[in-house]
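Colleague: My structure is stored as structure18.cif, with mmCIF, C-alpha atoms.
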data_structure
loop_
_atom_site.label_atom_id
_atom_site.label_comp_id
_atom_site.auth_asym_id
_atom_site.auth_seq_id
_atom_site.Cartn_x
_atom_site.Cartn_y
_atom_site.Cartn_z
CA PHE A 1 -4.92 2.12 18.35
CA TYR A 2 -1.11 2.14 18.40
CA HIS A 3 -0.64 0.83 21.92
CA VAL A 4 0.58 -2.49 20.49
CA GLN A 5 3.15 -0.63 18.44
CA GLY A 6 4.26 1.27 21.52
CA GLU A 7 4.66 -1.93 23.51
CA ARG A 8 6.69 -3.49 20.72
CA SER A 9 8.83 -0.35 20.43
CA SER A 10 9.50 -0.46 24.17
CA HIS A 11 10.44 -4.14 23.89
CA TYR A 12 12.94 -3.47 21.11
CA ARG A 13 14.40 -0.43 22.84
CA LEU A 14 14.77 -2.32 26.12
CA GLN A 15 16.51 -5.14 24.25
CA TYR A 16 18.81 -2.59 22.59
CA GLU A 17 19.66 -0.91 25.89
CA ARG A 18 20.48 -4.27 27.49
CA GLU A 19 22.73 -5.17 24.55
CA ARG A 20 24.54 -1.83 24.82
CA GLU A 21 24.92 -2.15 28.59
CA PHE A 22 26.44 -5.61 28.21
CA GLU A 23 28.78 -4.46 25.47
CA GLN A 24 29.95 -1.40 27.39
CA THR A 25 30.41 -3.33 30.65
CA SER A 26 32.40 -6.12 28.98
CA PHE A 27 34.55 -4.16 26.58
CA GLY A 28 34.15 -0.41 27.17
CA GLY A 29 37.42 1.49 27.48
CA LYS A 30 39.74 -1.45 26.63
CA ASN A 31 39.98 -0.79 22.92
CA TRP A 32 39.10 2.61 21.48
CA ASN A 33 38.49 1.29 17.95
CA PHE A 34 36.29 -1.52 19.17
CA SER A 35 34.27 0.88 21.32
CA GLN A 36 33.79 3.03 18.24
CA ASN A 37 32.52 -0.03 16.37
CA LEU A 38 30.07 -0.70 19.18
CA ASP A 39 28.67 2.82 18.81
CA LYS A 40 28.17 2.21 15.10
CA LEU A 41 26.50 -1.11 15.88
CA GLY A 42 24.23 0.64 18.39
CA SER A 43 23.26 3.28 15.86
CA LYS A 44 22.48 0.59 13.30
CA ARG A 45 20.33 -1.30 15.80
CA LYS A 46 18.38 1.86 16.67
CA SER A 47 17.77 2.45 12.97
CA GLU A 48 16.51 -1.11 12.54
CA ILE A 49 14.12 -0.69 15.46
CA MET A 50 12.82 2.58 14.07
CA ASN A 51 12.28 1.09 10.61
CA GLU A 52 10.35 -1.79 12.14
CA ASP A 53 8.14 0.68 14.01
CA VAL A 54 7.51 2.70 10.84
CA GLN A 55 6.51 -0.43 8.96
CA MET A 56 4.27 -1.59 11.80
CA VAL A 57 2.37 1.72 11.79
CA TYR A 58 1.93 1.37 8.02
CA GLU A 59 0.57 -2.18 8.29
CA MET A 60 -1.82 -1.31 11.11
CA THR A 61 -3.08 1.72 9.18
CA LYS A 62 -3.64 -0.42 6.10
CA GLU A 63 -5.59 -2.91 8.22
CA ARG A 64 -7.83 -0.14 9.55
CA MET A 65 -8.54 1.10 6.04
CA GLU A 66 -9.34 -2.42 4.86
CA LYS A 67 -11.83 -2.74 7.71
CA ALA A 68 -13.44 0.55 6.66
CA ILE A 69 -13.98 -0.89 3.17
CA GLU A 70 -15.30 -4.16 4.62
CA HIS A 71 -17.77 -2.25 6.81
CA LEU A 72 -18.92 -0.18 3.83
CA ASP A 73 -19.53 -3.33 1.77
CA ASN A 74 -21.56 -4.88 4.58
CA GLU A 75 -23.69 -1.77 5.05
CA LEU A 76 -24.40 -1.37 1.34
CA MET A 77 -25.40 -5.02 0.98
CA ARG A 78 -28.29 -4.32 3.37
CA ILE A 79 -29.64 -1.54 1.18
CA ARG A 80 -32.12 -3.11 -1.22
CA ALA A 81 -32.01 -1.87 -4.78
CA GLY A 82 -35.27 -3.29 -6.10
CA LYS A 83 -33.81 -6.76 -6.56
CA ALA A 84 -33.98 -9.82 -4.32
CA ASN A 85 -30.88 -9.88 -2.14
CA VAL A 86 -30.52 -12.18 0.86
CA HIS A 87 -28.10 -9.75 2.52
CA ILE A 88 -30.90 -7.31 3.35
CA LEU A 89 -31.81 -9.86 6.04
CA ASP A 90 -28.33 -9.97 7.61
CA GLY A 91 -29.32 -7.85 10.58
CA VAL A 92 -32.57 -9.66 11.36
CA LEU A 93 -32.59 -11.44 14.73
CA VAL A 94 -35.22 -14.07 15.56
CA ASP A 95 -36.43 -15.07 19.01
CA TYR A 96 -35.24 -18.69 19.08
CA TYR A 97 -36.51 -20.14 22.36
CA GLY A 98 -35.71 -16.89 24.15
CA ALA A 99 -32.36 -16.24 22.49
CA PRO A 100 -31.96 -13.54 19.78
CA THR A 101 -30.55 -15.52 16.84
CA PRO A 102 -29.53 -14.48 13.30
CA LEU A 103 -32.18 -15.48 10.77
CA ASN A 104 -29.72 -17.47 8.68
CA GLN A 105 -29.01 -19.69 11.69
CA VAL A 106 -32.61 -20.91 11.95
CA SER A 107 -33.51 -21.16 8.26
CA ASN A 108 -32.36 -21.53 4.68
CA ILE A 109 -32.58 -18.28 2.70
CA SER A 110 -32.61 -18.19 -1.10
CA THR A 111 -33.72 -16.11 -4.10
CA PRO A 112 -35.76 -18.31 -6.47
CA ASP A 113 -36.17 -15.32 -8.82
CA ALA A 114 -35.09 -11.68 -9.15
CA LYS A 115 -38.00 -10.37 -7.07
CA THR A 116 -38.47 -13.04 -4.38
CA ILE A 117 -36.62 -13.99 -1.21
CA MET A 118 -37.63 -17.37 0.18
CA ILE A 119 -37.09 -18.35 3.81
CA GLN A 120 -37.46 -21.99 4.81
CA PRO A 121 -37.36 -22.47 8.61
CA TRP A 122 -35.57 -25.52 9.87
CA GLU A 123 -38.47 -25.94 12.29
CA LYS A 124 -42.07 -25.17 11.28
CA THR A 125 -42.72 -23.74 14.72
CA MET A 126 -40.32 -20.92 13.83
CA ILE A 127 -42.56 -19.46 11.10
CA ASP A 128 -44.40 -17.10 13.46
CA PRO A 129 -41.26 -15.87 15.30
CA ILE A 130 -39.53 -15.27 11.94
CA GLU A 131 -42.46 -13.31 10.55
CA LYS A 132 -42.62 -11.26 13.73
CA ALA A 133 -38.90 -10.50 13.48
CA LEU A 134 -39.30 -9.44 9.84
CA MET A 135 -42.22 -7.16 10.65
CA ASN A 136 -40.24 -5.50 13.45
CA SER A 137 -37.12 -5.07 11.31
CA SER A 138 -36.15 -2.27 8.92
CA VAL A 139 -36.49 -4.56 5.89
CA GLY A 140 -39.77 -2.90 4.93
CA ILE A 141 -41.34 -5.88 3.16
CA THR A 142 -44.45 -7.68 4.41
CA PRO A 143 -43.84 -11.46 4.67
CA ALA A 144 -46.29 -14.13 3.50
CA ASN A 145 -46.21 -17.85 4.27
CA ASN A 146 -47.93 -21.04 3.12
CA GLY A 147 -47.32 -22.97 6.34
CA GLU A 148 -43.90 -24.22 5.19
CA VAL A 149 -41.94 -21.32 3.73
CA ILE A 150 -41.99 -17.55 4.04
CA ARG A 151 -41.76 -15.36 0.96
CA LEU A 152 -40.76 -11.73 0.63
CA VAL A 153 -41.68 -10.12 -2.68
CA VAL A 154 -39.38 -7.17 -3.29
CA PRO A 155 -41.49 -4.24 -4.55
CA GLN A 156 -40.47 -1.98 -7.41
CA LEU A 157 -38.75 1.12 -6.05
CA THR A 158 -40.35 4.49 -6.68
CA GLU A 159 -38.20 7.32 -8.00
CA GLU A 160 -38.46 9.08 -4.65
CA ARG A 161 -37.33 5.96 -2.82
CA ARG A 162 -34.38 5.52 -5.19
CA VAL A 163 -33.22 9.07 -4.48
CA ASP A 164 -33.47 8.43 -0.73
CA LEU A 165 -31.42 5.24 -1.04
CA VAL A 166 -28.74 7.02 -3.08
CA LYS A 167 -28.45 9.59 -0.27
CA GLN A 168 -28.09 6.74 2.21
CA VAL A 169 -25.33 5.19 0.09
CA LYS A 170 -23.47 8.50 -0.09
CA THR A 171 -23.69 8.82 3.70
CA GLU A 172 -22.17 5.37 4.15
CA GLY A 173 -19.46 6.29 1.66
CA GLU A 174 -18.62 9.45 3.58
CA ASN A 175 -18.46 7.45 6.82
CA ALA A 176 -15.90 5.17 5.20
CA ARG A 177 -13.86 8.15 3.95
CA VAL A 178 -13.87 9.65 7.45
CA SER A 179 -12.57 6.37 8.90
CA ILE A 180 -9.80 6.29 6.30
CA ARG A 181 -8.80 9.91 6.99
CA ASN A 182 -8.79 9.24 10.74
CA ALA A 183 -6.45 6.29 10.20
CA ARG A 184 -4.14 8.54 8.15
CA ARG A 185 -4.15 11.25 10.82
CA GLU A 186 -3.31 8.82 13.61
CA ALA A 187 -0.49 7.28 11.58
CA ASN A 188 1.03 10.69 10.85
CA ASP A 189 0.71 11.68 14.52
CA GLU A 190 2.59 8.51 15.40
CA TYR A 191 5.37 9.34 12.94
CA LYS A 192 5.70 12.84 14.43
CA SER A 193 6.00 11.27 17.87
CA MET A 194 8.66 8.88 16.57
CA GLN A 195 10.76 11.85 15.39
CA LYS A 196 11.28 12.71 19.07
CA ASP A 197 12.74 9.21 19.50
CA GLY A 198 15.19 9.55 16.65
CA LEU A 199 13.28 9.15 13.38
CA SER A 200 14.79 11.59 10.91
CA GLU A 201 12.73 14.28 9.22
CA ASP A 202 13.34 12.73 5.80
CA GLU A 203 12.30 9.28 7.03
CA ALA A 204 9.14 10.71 8.60
CA LYS A 205 8.32 12.54 5.35
CA THR A 206 8.75 9.31 3.35
CA ALA A 207 6.57 7.43 5.83
CA GLU A 208 3.85 10.09 5.62
CA ASP A 209 4.00 10.02 1.80
CA ASN A 210 3.45 6.25 1.88
CA ILE A 211 0.45 6.70 4.17
CA GLN A 212 -0.97 9.30 1.77
CA LYS A 213 -0.61 6.88 -1.15
CA LEU A 214 -2.46 4.30 0.93
CA THR A 215 -5.16 6.86 1.72
CA ASP A 216 -5.59 7.74 -1.96
CA GLU A 217 -5.82 4.06 -2.88
CA PHE A 218 -8.57 3.27 -0.37
CA THR A 219 -10.45 6.49 -1.02
CA GLU A 220 -10.60 5.51 -4.69
CA LYS A 221 -11.99 2.12 -3.67
CA VAL A 222 -14.75 3.88 -1.72
CA GLU A 223 -15.63 6.01 -4.75
CA LYS A 224 -15.91 2.96 -7.00
CA ILE A 225 -18.05 1.02 -4.50
CA VAL A 226 -20.42 3.96 -4.00
CA GLU A 227 -20.66 4.62 -7.73
CA ALA A 228 -21.52 0.97 -8.45
CA LYS A 229 -24.21 0.91 -5.75
CA ASP A 230 -25.72 4.18 -6.99
CA LYS A 231 -25.92 2.75 -10.49
CA ASP A 232 -27.53 -0.44 -9.17
CA ILE A 233 -30.19 1.55 -7.31
CA MET A 234 -31.01 3.90 -10.17
CA THR A 235 -31.24 1.13 -12.81
CA ILE A 236 -34.89 0.26 -13.41
#
Please express the file's structure as structure tokens.

Modeller:
Amino acid sequence: FYHVQGERSSHYRLQYEREREFEQTSFGGKNWNFSQNLDKLGSKRKSEIMNEDVQMVYEMTKERMEKAIEHLDNELMRIRAGKANVHILDGVLVDYYGAPTPLNQVSNISTPDAKTIMIQPWEKTMIDPIEKALMNSSVGITPANNGEVIRLVVPQLTEERRVDLVKQVKTEGENARVSIRNARREANDEYKSMQKDGLSEDEAKTAEDNIQKLTDEFTEKVEKIVEAKDKDIMTI
């Protein structure tokens, strides 16, 4: 995960070492005060490199957490809550002349009313392959066609089915929280490793505190998303 950061760190450190080698070769020993200034400059450069690395870890961790939220949204969109939702078809692949193809790439999909999903194939010959794909999918709705369009009538959810879906939503929410915690752990491990390279204990503590704030922020987002989906499922 942080190999890019490591490569960049190595690049900066190599650049720093080359700068110091040049400075010491050209001027070392000729002027004590100037040599002292070079040491201060070197220390400042090392600090700049370390700060850049700390910020890079933060940004990469934030990106991972954003992707966890994005994945959660995508998974929950596929869970039908008793209302017509075209996203429950996102994972359906159709045999298009031998090539597995997303349904939305061979047809127009719409919701003419709250209980109906309408699929209009771009080619009439695709009606049978689309129906077959729907029957073999996890959508759980039997398709019907009139020779031109395919309709899926979303059935009313039973109480038992609603409870099952809520459990599924909670599982997806927990998966997202685990991804967020893993991102936090890897960031903190990276900061601990950076302490061996010169990052101060106070700087590492500040960096870890910022990662925790990020973790709390994204965990709260997960809670709100899960709560909203639960409410949607349980509303009759």

Colleague: Which residue gives the smallest distance to A:Ala133 among A:Val163, A:Val94, A:Ala99, A:Ile150, with only C-alpha atoms counted?

Modeller: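 Smallest distance to A:Ala133 is found for A:Val94.
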
Colleague: Got a sec: who's within 9 Å of A:Gln55, counting all atoms listed in the file, leaving out chain neighbours fewer than 5 positions off, as a PDB file with C-alpha atoms, in the frame of the given file?

Modeller:
ATOM      1  CA  MET A  50      12.820   2.580  14.070  1.00  0.00           C
ATOM      2  CA  MET A  60      -1.820  -1.310  11.110  1.00  0.00           C
ATOM      3  CA  ALA A 207       6.570   7.430   5.830  1.00  0.00           C
TER       4      ALA A 207
END

Colleague: Given the file shown, enumerate the residues that the PyMOL selection byres ((chain A and resi 183-198) around 9) captures and present them as a PyMOL selection string.

Modeller: chain A and resi 1-2+46-47+50+53-54+57-58+60-62+64-65+178-182+199-201+203-205+207-208+211-212+214-215

Colleague: Could you jot down the atom CA of A:Asp230 to atom CA of A:Leu152 separation for me, Å, one decimal place?

Modeller: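 These two atoms are separated by 23.2 Å.
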
Colleague: Once the PyMOL selection byres ((chain A and resi 125) around 12) is applied to the coordinates I shared, what remains selected? I want it as a PyMOL selection string.

Modeller: chain A and resi 95-97+106-107+120-124+126-131+147-149

Colleague: Kindly indicate which residue among A:Asn210, A:Val153, A:Gly173, A:Ile117 lies nearest to A:Glu223, using only C-alpha atoms for the distances.

Modeller: A:Gly173

Colleague: I'd like to know which of A:Leu72, A:Thr219, A:Glu227, A:Val92 is closest to A:Ser137, using only C-alpha atoms.

Modeller: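 Result for the nearest residue to A:Ser137: A:Val92.
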
Colleague: Take the PyMOL selection byres ((chain A and resi 138) around 12), run it mentally on this structure, and tell me the resulting residues as a tab-separated table (two decimals) with C-alpha atoms, in the frame of the given file.

Modeller:
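Output contents, as saved in part.tsv:
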chain	number	residue	atom	x	y	z
A	78	ARG	CA	-28.29	-4.32	3.37
A	79	ILE	CA	-29.64	-1.54	1.18
A	80	ARG	CA	-32.12	-3.11	-1.22
A	88	ILE	CA	-30.90	-7.31	3.35
A	89	LEU	CA	-31.81	-9.86	6.04
A	90	ASP	CA	-28.33	-9.97	7.61
A	91	GLY	CA	-29.32	-7.85	10.58
A	92	VAL	CA	-32.57	-9.66	11.36
A	93	LEU	CA	-32.59	-11.44	14.73
A	133	ALA	CA	-38.90	-10.50	13.48
A	134	LEU	CA	-39.30	-9.44	9.84
A	135	MET	CA	-42.22	-7.16	10.65
A	136	ASN	CA	-40.24	-5.50	13.45
A	137	SER	CA	-37.12	-5.07	11.31
A	139	VAL	CA	-36.49	-4.56	5.89
A	140	GLY	CA	-39.77	-2.90	4.93
A	141	ILE	CA	-41.34	-5.88	3.16
A	142	THR	CA	-44.45	-7.68	4.41

Colleague: Using Å and a single decimal, report how far atom CA of A:His87 sits from atom CA of A:Val169.

Modeller: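 Rounded to one decimal, the two atoms are 15.4 Å apart.
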
Colleague: One number please: atom CA of A:Asn175 to atom CA of A:Asp73, in Å, one decimal.

Modeller: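 Distance reported for this atom pair: 12.0 Å.
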
Colleague: Which residues are near A:Gly82? Cut-off 10 Å, all atoms listed in the file, ignore same chain within fewer than 5 positions. Put them as a ChimeraX atom specification.

Modeller: /A:114-115,153-158,162,232-236

Colleague: Can you spit out the residues from that selection as a PDB file, keeping the file's coordinate frame, using C-alpha atoms?

Modeller:
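In the end it all went to out-v8.pdb:
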ATOM      1  CA  ALA A 114     -35.090 -11.680  -9.150  1.00  0.00           C
ATOM      2  CA  LYS A 115     -38.000 -10.370  -7.070  1.00  0.00           C
ATOM      3  CA  VAL A 153     -41.680 -10.120  -2.680  1.00  0.00           C
ATOM      4  CA  VAL A 154     -39.380  -7.170  -3.290  1.00  0.00           C
ATOM      5  CA  PRO A 155     -41.490  -4.240  -4.550  1.00  0.00           C
ATOM      6  CA  GLN A 156     -40.470  -1.980  -7.410  1.00  0.00           C
ATOM      7  CA  LEU A 157     -38.750   1.120  -6.050  1.00  0.00           C
ATOM      8  CA  THR A 158     -40.350   4.490  -6.680  1.00  0.00           C
ATOM      9  CA  ARG A 162     -34.380   5.520  -5.190  1.00  0.00           C
ATOM     10  CA  ASP A 232     -27.530  -0.440  -9.170  1.00  0.00           C
ATOM     11  CA  ILE A 233     -30.190   1.550  -7.310  1.00  0.00           C
ATOM     12  CA  MET A 234     -31.010   3.900 -10.170  1.00  0.00           C
ATOM     13  CA  THR A 235     -31.240   1.130 -12.810  1.00  0.00           C
ATOM     14  CA  ILE A 236     -34.890   0.260 -13.410  1.00  0.00           C
TER      15      ILE A 236
END

Colleague: Hey, what's within 10 Å of A:Met118 if we count all atoms listed in the file and toss same-chain stuff fewer than 5 positions away? As a list of chain:residue names, please?

Modeller: A:Ala84, A:Val86, A:Ser107, A:Asn108, A:Ile109, A:Ser110, A:Thr111, A:Pro112, A:Asp113, A:Pro143, A:Ala144, A:Asn145, A:Val149, A:Ile150, A:Arg151, A:Leu152, A:Val153
